[in-house]
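A.B. asks: Structure supplied as structure.txt; contents: compact mmCIF, C-alpha atoms and all ligand atoms.
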# COMPACT_ATOMS: atom_id res chain seq x y z
CA MET A 232 -18.41 -38.49 -13.91
CA LYS A 233 -19.08 -36.52 -10.79
CA PHE A 234 -17.01 -39.00 -8.78
CA ILE A 235 -14.10 -38.73 -11.20
CA ARG A 236 -14.16 -34.95 -11.09
CA LEU A 237 -14.26 -35.03 -7.28
CA ALA A 238 -11.35 -37.47 -7.19
CA VAL A 239 -9.32 -35.27 -9.52
CA THR A 240 -10.18 -32.21 -7.45
CA ALA A 241 -9.16 -34.04 -4.29
CA ALA A 242 -5.85 -35.09 -5.86
CA LEU A 243 -5.18 -31.54 -7.01
CA LEU A 244 -6.06 -30.16 -3.62
CA ALA A 245 -3.73 -32.62 -1.92
CA THR A 246 -0.77 -31.45 -4.00
CA ALA A 247 -1.75 -27.80 -4.46
CA LEU A 248 -2.91 -27.01 -0.96
CA PRO A 249 -0.04 -24.82 0.28
CA LEU A 250 -0.31 -22.64 -2.83
CA SER A 251 -4.11 -22.56 -2.93
CA ALA A 252 -4.21 -21.71 0.76
CA LEU A 253 -2.37 -18.51 -0.10
CA THR A 254 -3.78 -17.63 -3.49
CA GLY A 255 -7.36 -18.93 -3.48
CA PRO A 256 -9.15 -21.94 -4.88
CA ALA A 257 -7.64 -24.78 -6.91
CA ALA A 258 -7.73 -24.27 -10.67
CA ALA A 259 -10.08 -27.26 -11.09
CA ALA A 260 -12.86 -25.66 -9.02
CA THR A 261 -16.06 -24.77 -10.89
CA GLY A 262 -17.37 -21.20 -10.99
CA GLU A 263 -19.96 -21.94 -8.31
CA GLU A 264 -17.35 -23.57 -6.06
CA VAL A 265 -15.12 -20.52 -6.40
CA ILE A 266 -18.05 -18.22 -5.63
CA ALA A 267 -18.89 -20.22 -2.49
CA GLU A 268 -15.26 -20.06 -1.33
CA ARG A 269 -14.91 -16.35 -2.01
CA ARG A 270 -18.17 -15.57 -0.21
CA ALA A 271 -16.98 -17.64 2.77
CA ASN A 272 -13.72 -15.66 2.75
CA PHE A 273 -15.62 -12.35 2.67
CA LYS A 274 -18.01 -13.57 5.36
CA ARG A 275 -15.06 -14.28 7.65
CA ILE A 276 -13.52 -10.90 6.71
CA GLY A 277 -16.80 -9.31 7.81
CA GLU A 278 -16.80 -11.22 11.10
CA ILE A 279 -13.23 -10.18 11.86
CA SER A 280 -14.01 -6.57 11.00
CA ASP A 281 -17.05 -6.64 13.33
CA ALA A 282 -14.97 -8.16 16.14
CA ILE A 283 -12.37 -5.39 15.77
CA LYS A 284 -15.13 -2.78 15.68
CA THR A 285 -16.45 -4.07 19.01
CA ILE A 286 -12.99 -3.80 20.58
CA VAL A 287 -12.53 -0.27 19.17
CA GLY A 288 -15.95 0.68 20.56
CA ALA A 289 -15.00 -0.66 23.99
CA GLY A 290 -12.03 1.71 23.97
CA ALA A 291 -9.10 -0.50 24.97
CA ALA A 292 -6.70 -2.88 23.20
CA THR A 293 -7.08 -6.61 23.87
CA ALA A 294 -4.87 -9.61 23.18
CA GLU A 295 -7.11 -10.63 20.26
CA LEU A 296 -6.11 -7.63 18.14
CA GLY A 297 -2.87 -9.25 16.95
CA PRO A 298 -4.40 -12.51 15.68
CA LEU A 299 -7.49 -10.72 14.28
CA THR A 300 -5.53 -8.14 12.29
CA ARG A 301 -3.12 -10.79 10.96
CA GLU A 302 -5.97 -13.03 9.80
CA LEU A 303 -7.72 -10.06 8.21
CA ASP A 304 -4.55 -9.14 6.33
CA GLU A 305 -4.03 -12.72 5.17
CA ARG A 306 -7.63 -13.00 3.94
CA VAL A 307 -7.74 -9.68 2.05
CA LYS A 308 -4.57 -10.76 0.23
CA ARG A 309 -6.51 -13.77 -1.11
CA ILE A 310 -9.37 -11.67 -2.57
CA SER A 311 -8.01 -11.23 -6.11
CA GLY A 312 -7.48 -15.00 -6.54
CA PHE A 313 -11.18 -15.63 -5.94
CA PHE A 314 -12.31 -13.88 -9.16
CA PRO A 315 -11.09 -16.05 -12.04
CA THR A 316 -12.82 -16.03 -15.44
CA GLY A 317 -15.85 -18.32 -15.18
CA SER A 318 -16.91 -17.07 -11.74
CA GLU A 319 -18.86 -14.03 -12.99
CA THR A 320 -22.36 -15.43 -12.33
CA GLY A 321 -24.20 -18.00 -10.21
CA GLY A 322 -24.16 -18.95 -6.56
CA GLY A 323 -26.01 -15.80 -5.53
CA THR A 324 -22.94 -13.69 -6.30
CA LYS A 325 -23.08 -9.92 -5.92
CA ALA A 326 -19.89 -9.41 -7.89
CA ARG A 327 -20.28 -6.78 -10.61
CA THR A 328 -19.12 -7.45 -14.16
CA GLU A 329 -16.79 -4.44 -13.81
CA ILE A 330 -14.43 -6.73 -11.87
CA TRP A 331 -13.65 -8.47 -15.16
CA SER A 332 -14.06 -5.49 -17.52
CA ASP A 333 -11.97 -3.15 -15.32
CA ARG A 334 -9.47 -5.57 -13.84
CA ASP A 335 -6.83 -2.85 -13.33
CA GLY A 336 -9.21 -0.83 -11.15
CA PHE A 337 -10.21 -3.93 -9.20
CA ASN A 338 -6.56 -4.92 -8.69
CA LYS A 339 -5.87 -1.42 -7.40
CA ALA A 340 -8.70 -1.84 -4.87
CA THR A 341 -7.29 -5.20 -3.70
CA ALA A 342 -3.80 -3.65 -3.38
CA ASN A 343 -5.24 -0.71 -1.40
CA ILE A 344 -6.97 -2.89 1.18
CA ALA A 345 -3.76 -4.87 1.77
CA ILE A 346 -1.87 -1.60 2.40
CA GLU A 347 -4.47 -0.61 5.00
CA THR A 348 -4.55 -4.01 6.75
CA GLY A 349 -0.73 -3.98 6.84
CA LYS A 350 -0.87 -0.63 8.65
CA LEU A 351 -3.58 -2.05 10.92
CA ILE A 352 -1.24 -4.86 12.05
CA THR A 353 1.44 -2.26 12.82
CA ALA A 354 -1.03 -0.11 14.75
CA ALA A 355 -2.22 -3.17 16.71
CA GLY A 356 1.38 -3.71 17.83
CA GLY A 357 1.73 -0.07 18.96
CA SER A 358 0.66 1.61 22.16
CA ASP A 359 -1.57 4.33 20.68
CA PHE A 360 -5.11 2.93 20.73
CA ALA A 361 -6.64 6.10 19.24
CA ALA A 362 -4.29 5.69 16.25
CA PHE A 363 -5.44 2.09 15.95
CA GLY A 364 -9.06 3.30 15.83
CA ASP A 365 -8.19 5.79 13.08
CA GLN A 366 -6.49 3.05 11.08
CA TYR A 367 -9.52 0.81 11.55
CA LYS A 368 -11.63 3.58 9.98
CA ALA A 369 -9.20 3.92 7.07
CA THR A 370 -9.40 0.16 6.53
CA GLY A 371 -13.20 0.30 6.48
CA ALA A 372 -13.05 3.09 3.91
CA ALA A 373 -10.96 0.85 1.63
CA CYS A 374 -13.57 -1.94 2.00
CA GLY A 375 -16.33 0.52 1.12
CA ALA A 376 -14.47 1.99 -1.87
CA CYS A 377 -14.31 -1.45 -3.48
CA HIS A 378 -17.90 -2.31 -2.61
CA ARG A 379 -19.16 0.92 -4.19
CA ASN A 380 -17.56 0.12 -7.53
CA TYR A 381 -17.51 -3.66 -7.69
CA ARG A 382 -20.31 -5.13 -5.56
CA ASN A 383 -24.05 -5.08 -6.24
CA ARG A 384 -26.36 -4.14 -3.42
C1 LIG A 401 -11.28 -5.36 -3.92
C2 LIG A 401 -12.67 -5.30 -3.61
C3 LIG A 401 -13.16 -5.58 -2.22
C4 LIG A 401 -12.58 -5.24 -1.03
C5 LIG A 401 -11.29 -4.47 -0.80
C6 LIG A 401 -13.46 -5.72 0.01
N1 LIG A 401 -14.54 -6.34 -0.53
FE1 LIG A 401 -16.08 -7.17 0.50
N2 LIG A 401 -16.85 -7.87 -1.26
C7 LIG A 401 -16.40 -7.55 -2.53
C8 LIG A 401 -17.22 -8.21 -3.53
C9 LIG A 401 -17.05 -8.11 -5.04
C10 LIG A 401 -18.18 -8.93 -2.82
C11 LIG A 401 -19.29 -9.83 -3.42
C12 LIG A 401 -18.73 -11.25 -3.60
C13 LIG A 401 -19.74 -12.22 -4.19
O1 LIG A 401 -20.95 -12.11 -3.87
O2 LIG A 401 -19.32 -13.09 -4.98
C14 LIG A 401 -17.93 -8.69 -1.39
C15 LIG A 401 -18.68 -9.24 -0.36
C16 LIG A 401 -18.50 -8.96 0.98
C17 LIG A 401 -19.34 -9.48 2.05
C18 LIG A 401 -20.57 -10.39 1.88
C19 LIG A 401 -20.12 -11.86 1.91
C20 LIG A 401 -21.30 -12.83 1.68
O3 LIG A 401 -21.92 -13.25 2.68
O4 LIG A 401 -21.61 -13.14 0.51
C21 LIG A 401 -18.86 -8.96 3.23
C22 LIG A 401 -19.39 -9.20 4.64
C23 LIG A 401 -17.70 -8.13 2.89
N3 LIG A 401 -17.52 -8.17 1.52
C24 LIG A 401 -16.95 -7.44 3.81
C25 LIG A 401 -15.77 -6.75 3.49
C26 LIG A 401 -14.93 -6.06 4.47
C27 LIG A 401 -15.22 -5.94 5.96
C28 LIG A 401 -13.87 -5.57 3.78
C29 LIG A 401 -12.68 -4.80 4.28
C30 LIG A 401 -11.92 -5.35 5.38
C31 LIG A 401 -14.07 -5.92 2.37
N4 LIG A 401 -15.23 -6.64 2.25
C32 LIG A 401 -13.21 -5.56 1.36
C33 LIG A 401 -15.32 -6.76 -2.82
C34 LIG A 401 -14.41 -6.26 -1.90
Starting from the coordinates I provided, produce the structure as structure tokens.
Ligand code: HEC

C.D. replies:
Amino acid sequence: MKFIRLAVTAALLATALPLSALTGPAAAATGEEVIAERRANFKRIGEISDAIKTIVGAGAATAELGPLTRELDERVKRISGFFPTGSETGGGTKARTEIWSDRDGFNKATANIAIETGKLITAAGGSDFAAFGDQYKATGAACGACHRNYRNR
């Protein structure tokens, strides 16, 4: 049966890829598969954030800021799609049950981070590096606000 499920998943992925690439995992994915994908997305978000932090610390804009901020923005916009019903437990997840019991609050937190990363892209295209640093801080605050309410330590 495992083979059949894999084949079905592969077929779905083949047809649904453009959409799933934007919105998250394919509907056929199991809870644990979704959790693995969402953790990988967050892990990459963390790496990008660290890379930007290093550049901010060094005190001068670099050519990587454009691609980094765009990828960050694209990945934070996928967050909400990685928390379907059925992905509450397993896979070492640190997601809190409040994500599902307070979906409006969680959706607000996902909308907030996308606002901040949108501003971060704009700041990366500007010539005021101090303003970029301030916007990086505001972005980090939006990460932390969600973690405080919706992620276990
Ligand atoms: C809307 C809520 C929300 C926002 C916004 C958010 N996170 Fe998270 N983050 C979570 C949750 C929930 C988890 C735990 C996911 C799990 O374990 O299934 C997590 C996990 C992580 C992880 C651990 C990934 C792993 O290895 O398992 C990192 C790193 C991370 N987030 C970084 C960030 C950064 C950096 C930002 C801001 C750019 C951010 N997050 C924004 C909710 C959020």

A.B. asks: Would you list the residues that come within 6 Å of ligand LIG 401 (chain A)? Count all atoms listed in the file and give the answer as an MDAnalysis selection string.

C.D. replies: chainID A and resid 266 270 273:274 276:277 280 324:326 337 340:341 344 371 373:374 377:378 381:382

A.B. asks: Which neighbours of Ala362 in chain A fall inside 12 Å, counting all atoms listed in the file, when residues of the same chain fewer than 5 positions from it are skipped, and could you give them as a PyMOL selection string?

C.D. replies: chain A and resi 287+290-292+350-357+367-369

A.B. asks: Quick one: of A:Ser358, A:Thr370, A:Asn338, A:Thr320, who's nearest to Leu303 in chain A, counting only C-alpha atoms?

C.D. replies: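 When distances to Leu303 in chain A are compared using only C-alpha atoms, the smallest one comes from A:Thr370.
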
A.B. asks: Using only C-alpha atoms, find all polymer residues with an atom at most 8 Å away from the point (-13.4, -16.4, -5.1); report them as a VMD selection string.

C.D. replies: chain A and resid 255 to 256 265 to 270 272 310 to 315 318

A.B. asks: What is the distance, in Å and to one decimal place, between CA of Ala289 in chain A and CA of Phe360 in chain A?

C.D. replies: 11.0 Å

A.B. asks: So, with all atoms listed in the file as the atoms that count, which of A:Arg327, A:Thr348, A:Arg379, A:Thr316 lies closest to Leu299 in chain A?

C.D. replies: A:Thr348

A.B. asks: Take CA of Asn343 in chain A and CA of Ala282 in chain A and report the distance between them in Å, one decimal.

C.D. replies: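 According to the coordinates, CA of Asn343 in chain A and CA of Ala282 in chain A are separated by 21.4 Å.
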
A.B. asks: Once 3 Å is added on each side, what are the centre and the three edge lengths, in Å to one decimal, of the axis-aligned box enclosing the listed atoms of range 309-322 of chain A? Present them as AutoDock Vina command-line options.

C.D. replies:
--center_x -15.4 --center_y -15.1 --center_z -8.3 --size_x 23.7 --size_y 13.7 --size_z 20.3

A.B. asks: Please determine, counting all atoms listed in the file, which residue among A:Asp304, A:Asp359, A:Glu295, A:Glu263 has the shortest atom-to-atom distance to Ala342 in chain A.

C.D. replies: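 Ranking A:Asp304, A:Asp359, A:Glu295, A:Glu263 by distance to Ala342 in chain A, first place goes to A:Asp304.
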
A.B. asks: Do you have the CA of Gly364 in chain A-CA of Arg301 in chain A distance handy?

C.D. replies: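 Separation of CA of Gly364 in chain A and CA of Arg301 in chain A: 16.0 Å.
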
A.B. asks: With distances taken over all atoms listed in the file, which of A:Ile283, A:Asp333, A:Ala345, A:Arg384 is nearest to Arg309 in chain A?

C.D. replies: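 Using all atoms listed in the file, the shortest distance to Arg309 in chain A belongs to A:Ala345.
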
A.B. asks: I need range 291-355 of chain A written out with C-alpha atoms, as a PDB file, in the first residue's frame; please produce it.

C.D. replies:
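Full text of result.pdb as output:
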ATOM      1  CA  ALA A 291      27.188  47.753   4.675  1.00  0.00           C
ATOM      2  CA  ALA A 292      24.713  46.553   2.035  1.00  0.00           C
ATOM      3  CA  THR A 293      25.765  43.684  -0.226  1.00  0.00           C
ATOM      4  CA  ALA A 294      24.382  42.272  -3.461  1.00  0.00           C
ATOM      5  CA  GLU A 295      22.901  39.299  -1.561  1.00  0.00           C
ATOM      6  CA  LEU A 296      20.333  41.440   0.252  1.00  0.00           C
ATOM      7  CA  GLY A 297      17.920  41.485  -2.699  1.00  0.00           C
ATOM      8  CA  PRO A 298      17.750  37.708  -3.229  1.00  0.00           C
ATOM      9  CA  LEU A 299      17.788  36.994   0.541  1.00  0.00           C
ATOM     10  CA  THR A 300      14.931  39.357   1.371  1.00  0.00           C
ATOM     11  CA  ARG A 301      12.852  38.108  -1.580  1.00  0.00           C
ATOM     12  CA  GLU A 302      13.299  34.464  -0.572  1.00  0.00           C
ATOM     13  CA  LEU A 303      12.464  35.319   3.042  1.00  0.00           C
ATOM     14  CA  ASP A 304       9.272  37.066   1.931  1.00  0.00           C
ATOM     15  CA  GLU A 305       8.293  34.148  -0.306  1.00  0.00           C
ATOM     16  CA  ARG A 306       8.875  31.621   2.493  1.00  0.00           C
ATOM     17  CA  VAL A 307       6.996  33.507   5.235  1.00  0.00           C
ATOM     18  CA  LYS A 308       4.013  33.709   2.863  1.00  0.00           C
ATOM     19  CA  ARG A 309       3.947  29.887   2.805  1.00  0.00           C
ATOM     20  CA  ILE A 310       3.801  29.522   6.619  1.00  0.00           C
ATOM     21  CA  SER A 311       0.012  29.371   7.034  1.00  0.00           C
ATOM     22  CA  GLY A 312      -0.318  26.564   4.449  1.00  0.00           C
ATOM     23  CA  PHE A 313       1.958  24.331   6.520  1.00  0.00           C
ATOM     24  CA  PHE A 314      -0.509  24.010   9.437  1.00  0.00           C
ATOM     25  CA  PRO A 315      -3.452  21.973   8.125  1.00  0.00           C
ATOM     26  CA  THR A 316      -5.673  19.927  10.451  1.00  0.00           C
ATOM     27  CA  GLY A 317      -3.874  16.632  11.109  1.00  0.00           C
ATOM     28  CA  SER A 318      -0.437  18.217  11.564  1.00  0.00           C
ATOM     29  CA  GLU A 319      -0.893  19.136  15.241  1.00  0.00           C
ATOM     30  CA  THR A 320       1.411  16.435  16.677  1.00  0.00           C
ATOM     31  CA  GLY A 321       4.327  14.182  15.728  1.00  0.00           C
ATOM     32  CA  GLY A 322       7.608  14.706  13.949  1.00  0.00           C
ATOM     33  CA  GLY A 323       9.124  16.544  16.911  1.00  0.00           C
ATOM     34  CA  THR A 324       6.878  19.537  16.265  1.00  0.00           C
ATOM     35  CA  LYS A 325       6.983  22.526  18.592  1.00  0.00           C
ATOM     36  CA  ALA A 326       3.742  23.931  17.245  1.00  0.00           C
ATOM     37  CA  ARG A 327       1.305  24.848  20.021  1.00  0.00           C
ATOM     38  CA  THR A 328      -2.322  23.724  19.894  1.00  0.00           C
ATOM     39  CA  GLU A 329      -3.309  27.419  19.990  1.00  0.00           C
ATOM     40  CA  ILE A 330      -2.498  27.539  16.264  1.00  0.00           C
ATOM     41  CA  TRP A 331      -5.632  25.473  15.661  1.00  0.00           C
ATOM     42  CA  SER A 332      -7.772  26.774  18.549  1.00  0.00           C
ATOM     43  CA  ASP A 333      -6.963  30.448  17.814  1.00  0.00           C
ATOM     44  CA  ARG A 334      -6.610  30.379  14.048  1.00  0.00           C
ATOM     45  CA  ASP A 335      -7.571  34.060  13.684  1.00  0.00           C
ATOM     46  CA  GLY A 336      -4.716  35.126  15.960  1.00  0.00           C
ATOM     47  CA  PHE A 337      -2.288  32.850  14.137  1.00  0.00           C
ATOM     48  CA  ASN A 338      -3.431  34.177  10.741  1.00  0.00           C
ATOM     49  CA  LYS A 339      -2.874  37.701  12.013  1.00  0.00           C
ATOM     50  CA  ALA A 340       0.696  36.749  12.987  1.00  0.00           C
ATOM     51  CA  THR A 341       1.342  35.273   9.518  1.00  0.00           C
ATOM     52  CA  ALA A 342      -0.090  38.419   7.876  1.00  0.00           C
ATOM     53  CA  ASN A 343       2.098  40.628  10.108  1.00  0.00           C
ATOM     54  CA  ILE A 344       5.338  38.901   9.182  1.00  0.00           C
ATOM     55  CA  ALA A 345       4.547  39.252   5.457  1.00  0.00           C
ATOM     56  CA  ILE A 346       3.983  43.003   5.941  1.00  0.00           C
ATOM     57  CA  GLU A 347       7.393  43.296   7.600  1.00  0.00           C
ATOM     58  CA  THR A 348       9.251  41.205   4.990  1.00  0.00           C
ATOM     59  CA  GLY A 349       7.577  43.265   2.242  1.00  0.00           C
ATOM     60  CA  LYS A 350       8.984  46.420   3.857  1.00  0.00           C
ATOM     61  CA  LEU A 351      12.344  44.664   4.194  1.00  0.00           C
ATOM     62  CA  ILE A 352      12.489  44.086   0.415  1.00  0.00           C
ATOM     63  CA  THR A 353      11.743  47.782  -0.129  1.00  0.00           C
ATOM     64  CA  ALA A 354      14.420  48.822   2.369  1.00  0.00           C
ATOM     65  CA  ALA A 355      16.938  46.477   0.694  1.00  0.00           C
TER      66      ALA A 355
END
